[in-house]
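Content type PDB, C-alpha atoms, from the file target_13.pdb:
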```pdb
ATOM      1  CA  HIS A  10      35.657 -97.299  -2.312
ATOM      2  CA  PHE A  11      37.386 -98.341  -5.513
ATOM      3  CA  LEU A  12      40.204 -97.210  -7.762
ATOM      4  CA  CYS A  13      41.691 -98.396 -11.037
ATOM      5  CA  ARG A  14      45.254 -99.592 -10.384
ATOM      6  CA  ASN A  15      46.206 -99.448 -14.059
ATOM      7  CA  LEU A  16      45.147 -95.815 -14.291
ATOM      8  CA  LEU A  17      46.896 -95.025 -11.008
ATOM      9  CA  ALA A  18      50.105 -96.556 -12.370
ATOM     10  CA  ALA A  19      49.813 -94.379 -15.462
ATOM     11  CA  SER A  20      49.274 -91.234 -13.407
ATOM     12  CA  THR A  21      52.354 -91.903 -11.263
ATOM     13  CA  SER A  22      54.699 -92.682 -14.159
ATOM     14  CA  CYS A  23      53.538 -90.582 -17.114
ATOM     15  CA  PRO A  24      55.600 -87.372 -17.452
ATOM     16  CA  ASP A  25      52.500 -85.497 -18.630
ATOM     17  CA  TYR A  26      50.852 -86.061 -15.260
ATOM     18  CA  GLY A  27      53.720 -85.164 -12.949
ATOM     19  CA  GLN A  28      53.611 -86.123  -9.270
ATOM     20  CA  CYS A  29      50.710 -88.266  -8.070
ATOM     21  CA  ASN A  30      48.443 -86.381  -5.650
ATOM     22  CA  PHE A  31      45.226 -87.422  -3.953
ATOM     23  CA  LEU A  32      42.583 -85.737  -1.813
ATOM     24  CA  SER A  33      40.494 -87.760   0.628
ATOM     25  CA  TYR A  34      37.488 -86.335   2.498
ATOM     26  CA  GLY A  35      35.778 -88.128   5.393
ATOM     27  CA  ILE A  36      38.514 -90.511   6.552
ATOM     28  CA  ASN A  37      37.021 -90.959  10.042
ATOM     29  CA  LEU A  38      38.928 -93.699  11.898
ATOM     30  CA  ASP A  39      39.684 -95.900   8.890
ATOM     31  CA  PHE A  40      42.240 -94.473   6.486
ATOM     32  CA  SER A  41      43.443 -97.782   5.029
ATOM     33  CA  PHE A  42      42.330 -96.626   1.547
ATOM     34  CA  ASP A  43      44.540 -93.583   1.938
ATOM     35  CA  THR A  44      47.607 -95.366   3.287
ATOM     36  CA  ALA A  45      47.294 -97.825   0.390
ATOM     37  CA  LEU A  46      47.374 -94.894  -2.036
ATOM     38  CA  ALA A  47      50.347 -93.400  -0.218
ATOM     39  CA  SER A  48      52.183 -96.714  -0.555
ATOM     40  CA  HIS A  49      52.072 -96.178  -4.341
ATOM     41  CA  GLY A  50      54.138 -93.043  -3.852
ATOM     42  CA  CYS A  51      51.209 -90.633  -3.979
ATOM     43  CA  ARG A  52      51.174 -87.467  -1.893
ATOM     44  CA  GLY A  53      47.927 -87.215   0.051
ATOM     45  CA  PHE A  54      45.816 -84.588   1.776
ATOM     46  CA  LEU A  55      43.294 -86.151   4.193
ATOM     47  CA  PHE A  56      40.309 -84.328   5.682
ATOM     48  CA  ASP A  57      37.719 -84.910   8.398
ATOM     49  CA  PRO A  58      36.389 -82.334  10.881
ATOM     50  CA  THR A  59      34.850 -84.921  13.227
ATOM     51  CA  VAL A  60      38.018 -86.727  14.366
ATOM     52  CA  SER A  61      41.567 -85.940  15.418
ATOM     53  CA  HIS A  62      44.730 -87.500  14.005
ATOM     54  CA  PRO A  63      48.427 -86.616  13.909
ATOM     55  CA  PHE A  64      49.310 -84.145  11.168
ATOM     56  CA  HIS A  65      51.419 -86.768   9.373
ATOM     57  CA  ILE A  66      49.402 -89.919   8.656
ATOM     58  CA  THR A  67      52.269 -91.310   6.564
ATOM     59  CA  ASP A  68      55.545 -89.821   5.378
ATOM     60  CA  ASN A  69      53.799 -88.429   2.296
ATOM     61  CA  SER A  70      50.255 -87.716   3.537
ATOM     62  CA  VAL A  71      48.931 -85.131   5.972
ATOM     63  CA  PHE A  72      45.689 -84.743   7.919
ATOM     64  CA  LEU A  73      43.643 -81.559   8.289
ATOM     65  CA  LYS A  74      40.651 -81.235  10.626
ATOM     66  CA  VAL A  75      38.532 -79.716   7.862
ATOM     67  CA  GLY A  76      35.416 -80.895   6.047
ATOM     68  CA  ALA A  77      33.794 -80.299   2.676
ATOM     69  CA  PRO A  78      31.074 -77.631   2.341
ATOM     70  CA  LEU A  79      27.410 -78.621   2.570
ATOM     71  CA  LEU A  80      24.399 -76.937   1.013
ATOM     72  CA  ASN A  81      22.929 -74.412   3.463
ATOM     73  CA  ASP A  82      25.767 -75.337   5.805
ATOM     74  CA  THR A  83      25.082 -74.723   9.502
ATOM     75  CA  SER A  84      27.716 -77.120  10.882
ATOM     76  CA  PRO A  85      30.270 -75.749  13.365
ATOM     77  CA  TRP A  86      33.219 -77.195  11.458
ATOM     78  CA  ALA A  87      35.711 -75.514   9.178
ATOM     79  CA  SER A  88      35.316 -76.530   5.540
ATOM     80  CA  SER A  89      37.107 -76.130   2.236
ATOM     81  CA  SER A  90      36.111 -77.525  -1.142
ATOM     82  CA  ALA A  91      38.348 -79.809  -3.183
ATOM     83  CA  ALA A  92      38.545 -77.121  -5.869
ATOM     84  CA  SER A  93      39.771 -74.572  -3.316
ATOM     85  CA  VAL A  94      42.341 -76.980  -1.889
ATOM     86  CA  ALA A  95      43.663 -77.753  -5.364
ATOM     87  CA  THR A  96      43.946 -74.038  -6.107
ATOM     88  CA  ALA A  97      45.646 -73.243  -2.788
ATOM     89  CA  MET A  98      48.132 -76.119  -3.138
ATOM     90  CA  ALA A  99      48.720 -75.444  -6.862
ATOM     91  CA  LEU A 100      47.841 -79.041  -7.734
ATOM     92  CA  GLU A 101      47.917 -79.368 -11.505
ATOM     93  CA  ARG A 102      46.808 -83.024 -11.441
ATOM     94  CA  ILE A 103      44.863 -85.134  -8.924
ATOM     95  CA  ALA A 104      45.190 -88.880  -9.427
ATOM     96  CA  VAL A 105      42.365 -89.754  -7.015
ATOM     97  CA  LEU A 106      39.675 -87.662  -5.334
ATOM     98  CA  LYS A 107      37.741 -89.560  -2.657
ATOM     99  CA  MET A 108      34.762 -87.961  -0.913
ATOM    100  CA  ASP A 109      32.786 -89.692   1.842
ATOM    101  CA  CYS A 110      31.341 -86.763   3.717
ATOM    102  CA  GLU A 111      27.655 -87.281   4.478
ATOM    103  CA  GLY A 112      25.876 -84.934   2.093
ATOM    104  CA  CYS A 113      28.724 -82.851   0.679
ATOM    105  CA  GLU A 114      28.062 -84.398  -2.747
ATOM    106  CA  TYR A 115      25.176 -81.960  -3.198
ATOM    107  CA  ALA A 116      27.391 -78.866  -2.826
ATOM    108  CA  ILE A 117      30.366 -79.891  -4.988
ATOM    109  CA  SER A 118      28.958 -78.410  -8.186
ATOM    110  CA  ASP A 119      28.456 -74.981  -6.586
ATOM    111  CA  SER A 120      32.132 -74.820  -5.574
ATOM    112  CA  ILE A 121      33.128 -75.570  -9.177
ATOM    113  CA  LEU A 122      30.571 -73.418 -10.985
ATOM    114  CA  CYS A 123      31.444 -70.462  -8.717
ATOM    115  CA  SER A 124      27.853 -70.138  -7.519
ATOM    116  CA  SER A 125      28.905 -70.300  -3.864
ATOM    117  CA  ALA A 126      30.841 -67.817  -1.740
ATOM    118  CA  GLU A 127      33.752 -70.250  -1.536
ATOM    119  CA  PRO A 128      36.998 -68.622  -2.800
ATOM    120  CA  GLY A 129      39.184 -70.462  -5.273
ATOM    121  CA  CYS A 130      36.385 -72.029  -7.305
ATOM    122  CA  ASP A 131      37.559 -73.614 -10.550
ATOM    123  CA  ARG A 132      35.106 -74.085 -13.406
ATOM    124  CA  HIS A 133      37.325 -76.785 -14.944
ATOM    125  CA  PHE A 134      38.372 -78.516 -11.725
ATOM    126  CA  PHE A 135      37.364 -82.012 -12.814
ATOM    127  CA  ASP A 136      39.540 -81.723 -15.930
ATOM    128  CA  LYS A 137      42.538 -82.288 -13.641
ATOM    129  CA  VAL A 138      41.029 -85.292 -11.785
ATOM    130  CA  ASP A 139      41.798 -88.823 -13.075
ATOM    131  CA  GLN A 140      39.616 -90.827 -10.677
ATOM    132  CA  PHE A 141      36.705 -89.731  -8.522
ATOM    133  CA  THR A 142      35.140 -92.024  -5.931
ATOM    134  CA  ILE A 143      32.306 -90.728  -3.771
ATOM    135  CA  GLU A 144      29.554 -91.894  -1.448
ATOM    136  CA  VAL A 145      26.180 -90.646  -2.681
ATOM    137  CA  HIS A 146      23.267 -90.637  -0.214
ATOM    138  CA  THR A 147      19.995 -90.808  -2.141
ATOM    139  CA  LEU A 148      17.766 -90.319   0.899
ATOM    140  CA  THR A 149      15.617 -87.470   2.178
ATOM    141  CA  ALA A 150      17.817 -87.235   5.289
ATOM    142  CA  PHE A 151      20.649 -85.963   3.079
ATOM    143  CA  ALA A 152      18.716 -84.446   0.148
ATOM    144  CA  PRO A 153      15.636 -82.798   1.666
ATOM    145  CA  THR A 154      15.091 -80.183  -1.063
ATOM    146  CA  ALA A 155      14.917 -79.903  -4.837
ATOM    147  CA  GLU A 156      18.098 -77.813  -4.586
ATOM    148  CA  HIS A 157      19.963 -80.864  -3.285
ATOM    149  CA  VAL A 158      18.732 -83.064  -6.113
ATOM    150  CA  MET A 159      19.713 -80.385  -8.642
ATOM    151  CA  GLY A 160      23.159 -80.214  -7.025
ATOM    152  CA  LEU A 161      23.687 -83.908  -7.738
ATOM    153  CA  ALA A 162      22.410 -83.512 -11.301
ATOM    154  CA  LYS A 163      24.901 -80.684 -11.878
ATOM    155  CA  LEU A 164      27.707 -82.807 -10.419
ATOM    156  CA  LEU A 165      26.948 -85.671 -12.814
ATOM    157  CA  TRP A 166      26.852 -83.203 -15.700
ATOM    158  CA  LEU A 167      30.261 -81.780 -14.709
ATOM    159  CA  LEU A 168      31.760 -85.260 -14.500
ATOM    160  CA  ASP A 169      30.487 -86.160 -17.947
ATOM    161  CA  GLU A 170      31.649 -82.851 -19.400
ATOM    162  CA  SER A 171      35.163 -83.418 -18.047
ATOM    163  CA  GLY A 172      35.419 -86.912 -19.553
ATOM    164  CA  LEU A 173      35.101 -88.856 -16.293
ATOM    165  CA  LYS A 174      33.001 -91.952 -16.965
ATOM    166  CA  PHE A 175      31.065 -94.166 -14.579
ATOM    167  CA  VAL A 176      32.938 -97.460 -14.075
ATOM    168  CA  LEU A 177      31.213 -99.326 -11.230
ATOM    169  CA  SER A 178      29.415 -98.865  -7.938
ATOM    170  CA  GLU A 179      28.867-100.796  -4.736
ATOM    171  CA  ASP A 180      25.520 -99.935  -3.178
ATOM    172  CA  GLY A 181      24.440-100.590   0.376
ATOM    173  CA  ALA A 182      21.953 -99.495   3.007
ATOM    174  CA  CYS A 183      22.675 -96.375   5.009
ATOM    175  CA  SER A 184      22.171 -96.357   8.773
ATOM    176  CA  ARG A 185      18.632 -97.297   9.812
ATOM    177  CA  ASN A 186      17.668 -93.820  11.064
ATOM    178  CA  HIS A 187      18.658 -92.374   7.676
ATOM    179  CA  GLN A 188      17.283 -95.219   5.571
ATOM    180  CA  VAL A 189      13.761 -94.815   6.967
ATOM    181  CA  THR A 190      13.522 -91.237   5.635
ATOM    182  CA  GLY A 191      13.013 -92.702   2.179
ATOM    183  CA  CYS A 192      13.650 -91.526  -1.346
ATOM    184  CA  PRO A 193      13.121 -87.857  -2.284
ATOM    185  CA  GLU A 194      10.276 -87.382  -4.751
ATOM    186  CA  GLU A 195      12.639 -85.796  -7.288
ATOM    187  CA  PHE A 196      14.840 -88.907  -7.258
ATOM    188  CA  ARG A 197      11.837 -91.175  -7.820
ATOM    189  CA  THR A 198      10.694 -88.983 -10.713
ATOM    190  CA  ALA A 199      14.165 -89.163 -12.265
ATOM    191  CA  GLY A 200      14.151 -92.964 -11.987
ATOM    192  CA  PHE A 201      16.760 -93.342  -9.258
ATOM    193  CA  ASP A 202      16.710 -96.573  -7.279
ATOM    194  CA  CYS A 203      16.801 -95.446  -3.652
ATOM    195  CA  GLY A 204      16.222 -98.911  -2.168
ATOM    196  CA  LEU A 205      19.820 -98.958  -0.962
ATOM    197  CA  GLY A 206      20.431 -95.350  -0.023
ATOM    198  CA  CYS A 207      24.251 -95.296   0.059
ATOM    199  CA  LYS A 208      25.967 -95.665  -3.313
ATOM    200  CA  ASN A 209      29.739 -95.715  -3.851
ATOM    201  CA  PRO A 210      30.440 -95.086  -7.535
ATOM    202  CA  LEU A 211      33.814 -94.739  -9.228
ATOM    203  CA  PHE A 212      34.273 -92.349 -12.150
ATOM    204  CA  ALA A 213      37.494 -92.505 -14.144
ATOM    205  CA  ARG A 214      39.135 -91.632 -17.451
ATOM    206  CA  VAL A 215      38.617 -94.918 -19.249
ATOM    207  CA  PRO A 216      37.899 -95.913 -22.869
ATOM    208  CA  PRO A 217      34.160 -95.633 -23.682
ATOM    209  CA  THR A 218      33.846 -99.440 -23.915
ATOM    210  CA  ALA A 219      34.905 -99.735 -20.270
ATOM    211  CA  ALA A 220      32.109 -97.536 -18.956
ATOM    212  CA  LEU A 221      29.520 -99.922 -17.573
ATOM    213  CA  GLY A 222      26.389 -97.874 -17.088
ATOM    214  CA  ALA A 223      24.902 -94.932 -15.269
ATOM    215  CA  LEU A 224      24.636 -94.072 -11.595
ATOM    216  CA  ALA A 225      20.888 -94.508 -11.661
TER     217      ALA A 225
END
```
Give the structure from the file, written as structure tokens.
Amino acid sequence: HFLCRNLLAASTSCPDYGQCNFLSYGINLDFSFDTALASHGCRGFLFDPTVSHPFHITDNSVFLKVGAPLLNDTSPWASSSAASVATAMALERIAVLKMDCEGCEYAISDSILCSSAEPGCDRHFFDKVDQFTIEVHTLTAFAPTAEHVMGLAKLLWLLDESGLKFVLSEDGACSRNHQVTGCPEEFRTAGFDCGLGCKNPLFARVPPTAALGALA
């Protein structure tokens, strides 16, 4: 995952932004990204329902055994969307939102557009986010229906509407058992390159000349 250090510095020092906060979903056993953010003085909330960690990861970051909602979620784990967490914690600004949660990218838009049963949805959630880094899985294993593909399209629309621009992405192959499921027909029709099924784009509030392209 990536972040813009110059923008992070601005968000931690500019009086208009207040305290630097970050949310990080899917930390698993490697939370070096999150401890690096905490070292900048940011207060962090770390989430992953599949592992156990002490409540305090650092002096200014805490861990919760909670995941992000999935479309048609049948998992046994507790979940809470980023929009709901921000509402519950009264976070007026989020310097960095990181989400690496195996398919949750397709349900994010529903939690923002209030089309899910999740309480605390916030139609303008992304207006308070300065950087958004996410792993996107463009494979049938994670996006088996047209509803999933539409969920990603709505997410990209929300990001653009809020002023978050695509900066860069590092793409790689997913695990072999996921990679072999191939590219959903809707993605192929839309022109997505699914050759490497795991994409890690960064969206940020940058001048238009710094935006380097599109996720596809």
Identify, on the basis of all atoms listed in the file, every residue whose closest approach to Glu195 (chain A) does not exceed 10 Å; exclude the query and any residue fewer than 6 positions from it along the same chain; express the result as a list of chain:residue names.
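My reading of the contact set: A:Ala152, A:Pro153, A:Thr154, A:Ala155, A:His157, A:Val158, A:Met159, A:Phe201.
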Minimum-distance residue to Ala92 (chain A), chosen among A:Asn69, A:Thr198, A:Ser118, A:Ser61 (using only C-alpha atoms)
A:Ser118
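The shortest atom-to-atom distance to Ile121 (chain A), with all atoms listed in the file taken into account, belongs to A:Ser90 out of A:Gln140, A:Thr190, A:Ser90, A:Thr147.
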Any chance you could resolve the PyMOL selection byres ((chain A and resi 143) around 6) against this file and give the residues as a ChimeraX atom specification?
/A:107-109,142,144,209
Determine the residue set returned by the PyMOL selection byres ((chain A and resi 88) around 6) for the present structure, and present it as a list of chain:residue names.
A:Val75, A:Gly76, A:Ala77, A:Pro78, A:Ala87, A:Ser89
Just so the selection is clear, what residues does the PyMOL selection byres ((chain A and resi 34-43) around 7) cover here, as a short mmCIF file (atom, residue, chain, number, x, y, z; two decimals) with C-alpha atoms, in the coordinates of the input?
```
data_model
loop_
_atom_site.label_atom_id
_atom_site.label_comp_id
_atom_site.auth_asym_id
_atom_site.auth_seq_id
_atom_site.Cartn_x
_atom_site.Cartn_y
_atom_site.Cartn_z
CA LEU A 32 42.58 -85.74 -1.81
CA SER A 33 40.49 -87.76 0.63
CA THR A 44 47.61 -95.37 3.29
CA ALA A 45 47.29 -97.82 0.39
CA LEU A 46 47.37 -94.89 -2.04
CA ALA A 47 50.35 -93.40 -0.22
CA LEU A 55 43.29 -86.15 4.19
CA PHE A 56 40.31 -84.33 5.68
CA ASP A 57 37.72 -84.91 8.40
CA VAL A 60 38.02 -86.73 14.37
CA GLY A 76 35.42 -80.90 6.05
CA LYS A 107 37.74 -89.56 -2.66
CA MET A 108 34.76 -87.96 -0.91
CA ASP A 109 32.79 -89.69 1.84
CA CYS A 110 31.34 -86.76 3.72
#
```
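Interatomic distance, CA of Ser184 (chain A) to CA of Leu148 (chain A): 10.9 Å.
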